[in-house]
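Novice: Below is the structure I would like to discuss, written out as structure tokens.
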Amino acid sequence: MEVLFLIGRILFGVLFLGSSIAHLTQSAAMAGYAEAKGVKPGRPAVIGSGLVILVGSVLVILGIWIDVGAILIGLFLLSTAILMHPFWREQDAQARQMEMIQFQKDTGLLGASLILLYMAWEFGDDVGLQIVGPLFA
């Protein structure tokens, strides 16, 4: 069963690792989108969020303080859902639907990060296949 947890952890972390690379290498384009959504200044927000999910994903993938990684990713997802995908503000039905889908994706992944956090705190060093146990055990 430990292997399943490892595979799940890696798959979850790789998603955010790829996103962090995009945040850091395409920050100008992403900053324009963030500013269009009302997040100002866009570029520092994009770079900062990219660093947050970079650190979070590396911690989760490597199994170093999985709880810290899950918290960082969870905070990113919560803020992204609210700031970047506020479907309730959209007037156009199609735009509203697209933002709702993105909002739900972010909240679903937030749920996954909470499950990961729970696993780290509930089982601590017994989770297995990790380098360092949870920081906040």
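Within each chain, counting starts at residue 1; across the structure tokens, chains are named A, B, ... in the order shown, with ligands numbered 1 upward in that order.
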Write out as a ChimeraX atom specification the residues lying within 9 Å of A:Leu75, counting only C-alpha atoms and excluding same-chain residues fewer than 5 positions away.
Specialist: /A:52,70,80,110
Novice: Please list as a PyMOL selection string every residue within 10 Å of A:Leu11, counting only C-alpha atoms and excluding residues in the same chain fewer than 6 positions away.
Specialist: chain A and resi 5+17+57+60-61
Novice: Put those residues in a file: N, CA, C and O atoms, as a short mmCIF file (atom, residue, chain, number, x, y, z; two decimals), in the first residue's frame.
Specialist:
```cif
data_model
loop_
_atom_site.label_atom_id
_atom_site.label_comp_id
_atom_site.auth_asym_id
_atom_site.auth_seq_id
_atom_site.Cartn_x
_atom_site.Cartn_y
_atom_site.Cartn_z
N PHE A 5 0.57 5.03 -2.18
CA PHE A 5 0.68 6.38 -1.62
C PHE A 5 1.81 7.14 -2.32
O PHE A 5 1.66 8.31 -2.67
N LEU A 17 4.39 20.76 -10.10
CA LEU A 17 5.76 21.03 -10.54
C LEU A 17 5.72 21.63 -11.95
O LEU A 17 6.38 22.64 -12.22
N SER A 57 5.45 21.28 -4.32
CA SER A 57 5.48 20.06 -5.13
C SER A 57 6.75 19.25 -4.90
O SER A 57 6.69 18.02 -4.83
N VAL A 60 6.39 17.38 -1.60
CA VAL A 60 5.45 16.26 -1.73
C VAL A 60 6.08 15.12 -2.52
O VAL A 60 6.03 13.95 -2.11
N ILE A 61 6.68 15.42 -3.65
CA ILE A 61 7.27 14.38 -4.51
C ILE A 61 8.38 13.63 -3.79
O ILE A 61 8.44 12.40 -3.81
#
```
Novice: Could you give me, as a ChimeraX atom specification, each residue of chain A that DSSP assigns to helix (DSSP H, G or I) when run on this structure's backbone?
Specialist: /A:2-25,27-36,42-62,66-84,87-89,93-127
Novice: Taking only C-alpha atoms into account, which of A:Phe16, A:Trp88, A:Phe76, A:Trp65 comes nearest A:Met100?
Specialist: A:Trp88
Novice: Find the residues around A:Gly56 up to 6 Å (only C-alpha atoms counted), leave out those fewer than 4 positions away in its own chain, and share them as a PyMOL selection string.
Specialist: chain A and resi 69+72-73
Novice: Near A:Arg89, within 10 Å and counting only C-alpha atoms, which residues show up once chain neighbours fewer than 6 positions away are dropped, as JSON, numbers by chain?
Specialist: {"A": [95, 96, 99]}
Novice: Listing only residues of stretch 18-107 of chain A within 8 Å of stretch 117-134 of chain A, what is the closest atom pair and its distance in Å (to one decimal) for each, using only C-alpha atoms, sorted by chain and residue number ascending, as a Markdown table?
Specialist:
```
| residue | atom | partner | partner_atom | distance |
| --- | --- | --- | --- | --- |
| A:Leu62 | CA | A:Gln130 | CA | 6.8 |
| A:Gly63 | CA | A:Gln130 | CA | 4.1 |
| A:Ile64 | CA | A:Val132 | CA | 4.7 |
| A:Trp65 | CA | A:Pro134 | CA | 4.5 |
| A:Ile66 | CA | A:Pro134 | CA | 5.8 |
| A:Asp67 | CA | A:Leu117 | CA | 5.0 |
| A:Val68 | CA | A:Pro134 | CA | 7.4 |
| A:Ala70 | CA | A:Leu117 | CA | 5.6 |
| A:Ile71 | CA | A:Leu117 | CA | 7.1 |
```
Novice: Taking into account only C-alpha atoms, which residue in the set A:Gly111, A:Gly8, A:Gly38, A:Gly13 is nearest to A:Leu83?
Specialist: A:Gly38
Novice: Calculate how many Å separate atom CA of A:Val14 from atom CA of A:Leu59, rounding to one decimal.
Specialist: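 Separation of atom CA of A:Val14 and atom CA of A:Leu59: 11.0 Å.
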Novice: So that I can check the surroundings of A:Gly50, please list as a ChimeraX atom specification every protein, DNA and RNA residue that reaches within 6 Å of it, counting only C-alpha atoms and ignoring chain neighbours fewer than 5 positions away.
Specialist: /A:20,23-24
Novice: Selected residues, N, CA, C and O atoms, written as a tab-separated table (two decimals), in the first residue's frame, please.
Specialist:
```
chain	number	residue	atom	x	y	z
A	20	SER	N	4.41	25.13	-11.76
A	20	SER	CA	5.39	26.08	-11.21
A	20	SER	C	6.41	26.48	-12.27
A	20	SER	O	6.79	27.66	-12.34
A	23	HIS	N	4.77	29.02	-14.39
A	23	HIS	CA	4.69	30.31	-13.68
A	23	HIS	C	6.02	31.06	-13.76
A	23	HIS	O	6.04	32.28	-13.93
A	24	LEU	N	7.11	30.32	-13.62
A	24	LEU	CA	8.42	30.97	-13.55
A	24	LEU	C	9.01	31.27	-14.93
A	24	LEU	O	9.79	32.22	-15.06
```
Novice: Which polymer residues have any atom within 8 Å of an atom of A:Leu78, counting only C-alpha atoms, with same-chain residues fewer than 3 positions away left out, as a PyMOL selection string?
Specialist: chain A and resi 74-75+81-82+106-107+110
Novice: Could you jot down the atom CA of A:His85 to atom CA of A:Gln97 separation for me, Å, one decimal place?
Specialist: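 Interatomic distance, atom CA of A:His85 to atom CA of A:Gln97: 10.4 Å.
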